Amino acid sequence: KTIDKLINKKFLIKTDISNANHQICYGTRQSLEQEKSIISICYEGKNKFNSISGVKDIEHYFKLQEEEKNIKLTKGQLEAVRLILNCKDQFSIIQGYAGVGKTFAIGKAREYLDHINQINKESNPDHVNYQIIGLAPSGSAAKELESVLGKADTLQYLLRKYNGYANGRGTIDGIEKEKSKFTNKIMLIDESSMISCDQMHGLLNIAKKLDLRLVFLGDKSQILSVDAGLPFHSLQKEDLKIAKMTDILRQNNPISKAIAYSSYAKDFHSVFE
């Protein structure tokens with residue numbers, strides 16, 4: 001009866017989504033408007049930036065690494081690195097299973113940026129270095145990112161620092177000053193499945209104001225947000241650039257690896273056979 005009253009008062013609104021039991025899902029007007037805004041901002045960010053490097057240059061660099069140092073990236077790792085370095089969109093996604101070497105791929109992207117920064121500095125002393133800055137919803141994940149990237153903060157820190165921009169405040173001079181701090185910077189958000197709708201909405205509004213380039217990294221099948229919403233999962237259904245990492249490396253023997261893949265496929269009968 002309580003639910004029916006909320007529906008009649010239009011506090012809860014029918015969506016075009018159903019759950020696993022084919023029951024219609026409802027949402028609050030605020031949450032639905034927030035989700036629409038998130039999707040809209042992402043589409044507005046298409047082709048907003050220039051590519052940092054060409055695909056052929058990226059592939060040539062890592063081909064040499066394979067030949068000279070015996071360091072070989074998996075197909076998914078190379079796809080993720082290409083996305084970080086070549087994508088022109090303001091917002092992009094790296095979807096990766098657990099144990100596919102996401103952290104290793106991030107480190108390789110940073111290594112490549114160090115390489116081209118050195119080249120650019122030689123020809124242009126005023127070149128502003130490219131840099132990947134890490135963000136994560138938890139302190140432990142932020143520390144791990146910092147060990148790979150050299151600089152990382154919690155997502156909550158950024159949201160708190162720029163809360164005014166997320167809510168439409170800020171002077172033109174102040175915004176331009178902050179924008180300059182993020183020239184040639186890529187913000188990589190790890191554990192993106194843990195981001196709530198409210199956090200994602202705030203983050204994208206800040207990114208829109210400050211021209212931040214964001215790469216969302218995570219696994220939609222892992223830990224979800226405590227608060228409402230699954231924006232990382234939902235955005236993967238949209239027409240956004242996505243790199244998929246599916247080559248599991250953590251499990252070494254064939255049986256363990258087969259169990260891992262069966263779990264992702266929700267084939268639990270095979271898992272326990």
# chains A, B, ... in the order shown; residues from 1 in each chain; ligands from 1
$ residues_around --residues "stretch 167-183 of chain A" --least-positions-apart "6" --cutoff "7 Å" --atoms "only C-alpha atoms" --output "list of chain:residue names"
A:Leu210, A:Asp211, A:Leu212
$ residues_around --residues "A:Thr74" --least-positions-apart "5" --cutoff "9 Å" --atoms "only C-alpha atoms" --output "list of chain:residue names"
A:Glu79, A:Val100, A:Gly101, A:Met245, A:Asp247
$ atom_distance --atom1 "atom CA of A:Asp126" --atom2 "atom CA of A:Gln90"
24.1 Å
$ residues_around --residues "A:Lys14" --least-positions-apart "2" --cutoff "8 Å" --atoms "only C-alpha atoms" --output "PDB file with all heavy atoms, in the first residue's frame"
ATOM      1  N   LEU A  12       7.475   7.868  -6.956  1.00  0.00           N
ATOM      2  CA  LEU A  12       8.135   6.775  -7.666  1.00  0.00           C
ATOM      3  C   LEU A  12       7.593   6.724  -9.092  1.00  0.00           C
ATOM      4  O   LEU A  12       6.382   6.828  -9.307  1.00  0.00           O
ATOM      5  CB  LEU A  12       7.875   5.439  -6.973  1.00  0.00           C
ATOM      6  CG  LEU A  12       8.544   5.212  -5.618  1.00  0.00           C
ATOM      7  CD1 LEU A  12       8.144   3.858  -5.054  1.00  0.00           C
ATOM      8  CD2 LEU A  12      10.056   5.294  -5.732  1.00  0.00           C
ATOM      9  N   ASP A  16      11.680   1.706 -17.767  1.00  0.00           N
ATOM     10  CA  ASP A  16      11.594   0.661 -18.798  1.00  0.00           C
ATOM     11  C   ASP A  16      12.519  -0.505 -18.471  1.00  0.00           C
ATOM     12  O   ASP A  16      12.908  -1.294 -19.324  1.00  0.00           O
ATOM     13  CB  ASP A  16      11.935   1.236 -20.178  1.00  0.00           C
ATOM     14  CG  ASP A  16      13.316   1.883 -20.215  1.00  0.00           C
ATOM     15  OD1 ASP A  16      14.000   1.908 -19.162  1.00  0.00           O
ATOM     16  OD2 ASP A  16      13.713   2.364 -21.287  1.00  0.00           O
ATOM     17  N   ILE A  24       8.643  -4.946 -13.044  1.00  0.00           N
ATOM     18  CA  ILE A  24       8.951  -3.579 -13.447  1.00  0.00           C
ATOM     19  C   ILE A  24       9.653  -2.838 -12.306  1.00  0.00           C
ATOM     20  O   ILE A  24       9.266  -2.961 -11.146  1.00  0.00           O
ATOM     21  CB  ILE A  24       7.661  -2.821 -13.828  1.00  0.00           C
ATOM     22  CG1 ILE A  24       7.003  -3.483 -15.050  1.00  0.00           C
ATOM     23  CG2 ILE A  24       7.947  -1.350 -14.116  1.00  0.00           C
ATOM     24  CD1 ILE A  24       7.852  -3.438 -16.301  1.00  0.00           C
ATOM     25  N   CYS A  25      10.691  -2.093 -12.643  1.00  0.00           N
ATOM     26  CA  CYS A  25      11.430  -1.316 -11.643  1.00  0.00           C
ATOM     27  C   CYS A  25      10.934   0.133 -11.626  1.00  0.00           C
ATOM     28  O   CYS A  25      10.547   0.685 -12.662  1.00  0.00           O
ATOM     29  CB  CYS A  25      12.924  -1.333 -11.953  1.00  0.00           C
ATOM     30  SG  CYS A  25      13.674  -2.967 -11.790  1.00  0.00           S
ATOM     31  N   TYR A  26      10.966   0.719 -10.439  1.00  0.00           N
ATOM     32  CA  TYR A  26      10.566   2.111 -10.254  1.00  0.00           C
ATOM     33  C   TYR A  26      11.736   2.885  -9.668  1.00  0.00           C
ATOM     34  O   TYR A  26      12.611   2.330  -8.995  1.00  0.00           O
ATOM     35  CB  TYR A  26       9.358   2.211  -9.315  1.00  0.00           C
ATOM     36  CG  TYR A  26       8.079   1.671  -9.903  1.00  0.00           C
ATOM     37  CD1 TYR A  26       7.822   0.296  -9.918  1.00  0.00           C
ATOM     38  CD2 TYR A  26       7.134   2.526 -10.462  1.00  0.00           C
ATOM     39  CE1 TYR A  26       6.656  -0.214 -10.474  1.00  0.00           C
ATOM     40  CE2 TYR A  26       5.955   2.021 -11.017  1.00  0.00           C
ATOM     41  CZ  TYR A  26       5.729   0.660 -11.017  1.00  0.00           C
ATOM     42  OH  TYR A  26       4.574   0.161 -11.570  1.00  0.00           O
ATOM     43  N   GLY A  27      11.755   4.183  -9.916  1.00  0.00           N
ATOM     44  CA  GLY A  27      12.787   5.039  -9.347  1.00  0.00           C
ATOM     45  C   GLY A  27      12.201   6.383  -8.956  1.00  0.00           C
ATOM     46  O   GLY A  27      11.105   6.746  -9.400  1.00  0.00           O
TER      47      GLY A  27
END
$ residues_around --residues "A:Gln156" --least-positions-apart "6" --cutoff "12 Å" --atoms "only C-alpha atoms" --output "PyMOL selection string"
chain A and resi 135-139+142+162-163+189+194-196+198-200+202-203
$ select_by_dssp --residues "stretch 20-143 of chain A" --states "strand (DSSP E or B)" --output "list in words"
Ile24, Cys25, Tyr26, Gly27, Thr28, Phe91, Ser92, Ile93, Ile94, Gln95, Gly96, Gln131, Ile132, Ile133, Gly134, Leu135 and Ala136 of chain A
$ atom_distance --atom1 "atom CA of A:Ile132" --atom2 "atom CA of A:Leu235"
21.8 Å
$ select_by_dssp --residues "stretch 136-177 of chain A" --states "helix (DSSP H, G or I)" --output "VMD selection string"
chain A and resid 139 to 149 155 to 161 163 to 166 172 to 177
$ closest_residue --among "A:Lys46, A:Phe91, A:Asn124, A:Gly134" --to "A:Tyr157" --atoms "only C-alpha atoms"
A:Gly134
$ residues_around --residues "A:Lys10" --least-positions-apart "3" --cutoff "10 Å" --atoms "only C-alpha atoms" --output "JSON, numbers by chain"
{"A": [4, 5, 6, 7, 13, 14, 27, 28, 29]}
$ closest_residue --among "A:Ser123, A:Gln95, A:Ser234, A:Asn86" --to "A:Glu191" --atoms "only C-alpha atoms"
A:Gln95
$ atom_distance --atom1 "atom CA of A:His115" --atom2 "atom CA of A:Gly76"
21.5 Å
$ residues_around --residues "A:Ile94" --least-positions-apart "6" --cutoff "10 Å" --atoms "only C-alpha atoms" --output "ChimeraX atom specification"
/A:76-77,79-81,83-84,102,188-190,192,215-219,236,241-245
$ write_last_selection --atoms "N, CA, C and O atoms" --output "PDB file, in the first residue's frame"
ATOM      1  N   GLY A  76      43.772  -7.606 -24.151  1.00  0.00           N
ATOM      2  CA  GLY A  76      42.985  -6.663 -23.357  1.00  0.00           C
ATOM      3  C   GLY A  76      43.822  -5.542 -22.768  1.00  0.00           C
ATOM      4  O   GLY A  76      43.387  -4.389 -22.706  1.00  0.00           O
ATOM      5  N   GLN A  77      45.034  -5.870 -22.313  1.00  0.00           N
ATOM      6  CA  GLN A  77      45.925  -4.851 -21.764  1.00  0.00           C
ATOM      7  C   GLN A  77      46.295  -3.821 -22.822  1.00  0.00           C
ATOM      8  O   GLN A  77      46.281  -2.609 -22.569  1.00  0.00           O
ATOM      9  N   GLU A  79      44.580  -3.129 -25.494  1.00  0.00           N
ATOM     10  CA  GLU A  79      43.357  -2.388 -25.806  1.00  0.00           C
ATOM     11  C   GLU A  79      43.124  -1.276 -24.789  1.00  0.00           C
ATOM     12  O   GLU A  79      42.733  -0.163 -25.141  1.00  0.00           O
ATOM     13  N   ALA A  80      43.386  -1.573 -23.508  1.00  0.00           N
ATOM     14  CA  ALA A  80      43.219  -0.579 -22.449  1.00  0.00           C
ATOM     15  C   ALA A  80      44.222   0.557 -22.598  1.00  0.00           C
ATOM     16  O   ALA A  80      43.872   1.737 -22.464  1.00  0.00           O
ATOM     17  N   VAL A  81      45.472   0.211 -22.884  1.00  0.00           N
ATOM     18  CA  VAL A  81      46.512   1.230 -23.067  1.00  0.00           C
ATOM     19  C   VAL A  81      46.184   2.118 -24.269  1.00  0.00           C
ATOM     20  O   VAL A  81      46.321   3.338 -24.210  1.00  0.00           O
ATOM     21  N   LEU A  83      43.243   2.782 -25.430  1.00  0.00           N
ATOM     22  CA  LEU A  83      42.118   3.635 -25.066  1.00  0.00           C
ATOM     23  C   LEU A  83      42.597   4.861 -24.298  1.00  0.00           C
ATOM     24  O   LEU A  83      42.208   5.999 -24.597  1.00  0.00           O
ATOM     25  N   ILE A  84      43.461   4.653 -23.315  1.00  0.00           N
ATOM     26  CA  ILE A  84      43.974   5.760 -22.497  1.00  0.00           C
ATOM     27  C   ILE A  84      44.728   6.770 -23.356  1.00  0.00           C
ATOM     28  O   ILE A  84      44.577   7.979 -23.194  1.00  0.00           O
ATOM     29  N   LYS A 102      45.033  -5.297 -14.748  1.00  0.00           N
ATOM     30  CA  LYS A 102      44.641  -3.903 -14.989  1.00  0.00           C
ATOM     31  C   LYS A 102      45.714  -2.932 -14.474  1.00  0.00           C
ATOM     32  O   LYS A 102      46.053  -1.961 -15.145  1.00  0.00           O
ATOM     33  N   LEU A 188      42.247   8.806 -13.937  1.00  0.00           N
ATOM     34  CA  LEU A 188      41.842   7.416 -14.033  1.00  0.00           C
ATOM     35  C   LEU A 188      41.184   6.999 -12.715  1.00  0.00           C
ATOM     36  O   LEU A 188      41.808   7.082 -11.661  1.00  0.00           O
ATOM     37  N   ILE A 189      39.915   6.607 -12.785  1.00  0.00           N
ATOM     38  CA  ILE A 189      39.156   6.266 -11.583  1.00  0.00           C
ATOM     39  C   ILE A 189      39.067   4.757 -11.469  1.00  0.00           C
ATOM     40  O   ILE A 189      38.385   4.106 -12.262  1.00  0.00           O
ATOM     41  N   ASP A 190      39.747   4.200 -10.472  1.00  0.00           N
ATOM     42  CA  ASP A 190      39.753   2.757 -10.262  1.00  0.00           C
ATOM     43  C   ASP A 190      38.534   2.352  -9.425  1.00  0.00           C
ATOM     44  O   ASP A 190      37.910   3.182  -8.774  1.00  0.00           O
ATOM     45  N   SER A 192      35.587   1.594 -10.255  1.00  0.00           N
ATOM     46  CA  SER A 192      34.477   2.468 -10.645  1.00  0.00           C
ATOM     47  C   SER A 192      33.102   1.852 -10.373  1.00  0.00           C
ATOM     48  O   SER A 192      32.103   2.574 -10.319  1.00  0.00           O
ATOM     49  N   VAL A 215      38.912   8.452 -17.285  1.00  0.00           N
ATOM     50  CA  VAL A 215      38.851   7.050 -17.706  1.00  0.00           C
ATOM     51  C   VAL A 215      38.357   6.250 -16.501  1.00  0.00           C
ATOM     52  O   VAL A 215      38.992   6.259 -15.440  1.00  0.00           O
ATOM     53  N   PHE A 216      37.237   5.570 -16.665  1.00  0.00           N
ATOM     54  CA  PHE A 216      36.674   4.768 -15.590  1.00  0.00           C
ATOM     55  C   PHE A 216      37.152   3.325 -15.732  1.00  0.00           C
ATOM     56  O   PHE A 216      36.948   2.694 -16.763  1.00  0.00           O
ATOM     57  N   LEU A 217      37.784   2.836 -14.671  1.00  0.00           N
ATOM     58  CA  LEU A 217      38.368   1.492 -14.681  1.00  0.00           C
ATOM     59  C   LEU A 217      37.696   0.643 -13.605  1.00  0.00           C
ATOM     60  O   LEU A 217      37.510   1.094 -12.474  1.00  0.00           O
ATOM     61  N   GLY A 218      37.322  -0.568 -13.954  1.00  0.00           N
ATOM     62  CA  GLY A 218      36.725  -1.437 -12.945  1.00  0.00           C
ATOM     63  C   GLY A 218      36.101  -2.671 -13.549  1.00  0.00           C
ATOM     64  O   GLY A 218      36.331  -3.013 -14.707  1.00  0.00           O
ATOM     65  N   ASP A 219      35.291  -3.314 -12.721  1.00  0.00           N
ATOM     66  CA  ASP A 219      34.600  -4.530 -13.128  1.00  0.00           C
ATOM     67  C   ASP A 219      33.168  -4.452 -12.609  1.00  0.00           C
ATOM     68  O   ASP A 219      32.939  -4.409 -11.403  1.00  0.00           O
ATOM     69  N   GLN A 236      28.013   1.340 -19.540  1.00  0.00           N
ATOM     70  CA  GLN A 236      28.544   0.364 -20.491  1.00  0.00           C
ATOM     71  C   GLN A 236      27.498  -0.067 -21.518  1.00  0.00           C
ATOM     72  O   GLN A 236      27.827  -0.709 -22.518  1.00  0.00           O
ATOM     73  N   LYS A 241      33.231   4.785 -25.622  1.00  0.00           N
ATOM     74  CA  LYS A 241      34.409   3.983 -25.939  1.00  0.00           C
ATOM     75  C   LYS A 241      34.725   3.081 -24.735  1.00  0.00           C
ATOM     76  O   LYS A 241      34.900   3.559 -23.620  1.00  0.00           O
ATOM     77  N   ILE A 242      34.827   1.783 -25.006  1.00  0.00           N
ATOM     78  CA  ILE A 242      35.094   0.808 -23.950  1.00  0.00           C
ATOM     79  C   ILE A 242      36.211  -0.142 -24.381  1.00  0.00           C
ATOM     80  O   ILE A 242      36.183  -0.675 -25.491  1.00  0.00           O
ATOM     81  N   ALA A 243      37.184  -0.340 -23.505  1.00  0.00           N
ATOM     82  CA  ALA A 243      38.194  -1.387 -23.695  1.00  0.00           C
ATOM     83  C   ALA A 243      37.833  -2.528 -22.748  1.00  0.00           C
ATOM     84  O   ALA A 243      37.540  -2.289 -21.576  1.00  0.00           O
ATOM     85  N   LYS A 244      37.851  -3.762 -23.256  1.00  0.00           N
ATOM     86  CA  LYS A 244      37.467  -4.906 -22.434  1.00  0.00           C
ATOM     87  C   LYS A 244      38.674  -5.805 -22.197  1.00  0.00           C
ATOM     88  O   LYS A 244      39.348  -6.209 -23.138  1.00  0.00           O
ATOM     89  N   MET A 245      38.918  -6.095 -20.923  1.00  0.00           N
ATOM     90  CA  MET A 245      40.035  -6.948 -20.527  1.00  0.00           C
ATOM     91  C   MET A 245      39.461  -8.251 -19.964  1.00  0.00           C
ATOM     92  O   MET A 245      38.859  -8.259 -18.883  1.00  0.00           O
TER      93      MET A 245
END
$ closest_residue --among "A:Leu149, A:Val226, A:Leu73, A:Ala166" --to "A:Asp114" --atoms "only C-alpha atoms"
A:Leu149
$ residues_around --residues "A:Ile38" --least-positions-apart "3" --cutoff "12 Å" --atoms "only C-alpha atoms" --output "ChimeraX atom specification"
/A:31-35,41-45,91,196-208,229-232,234-235,238
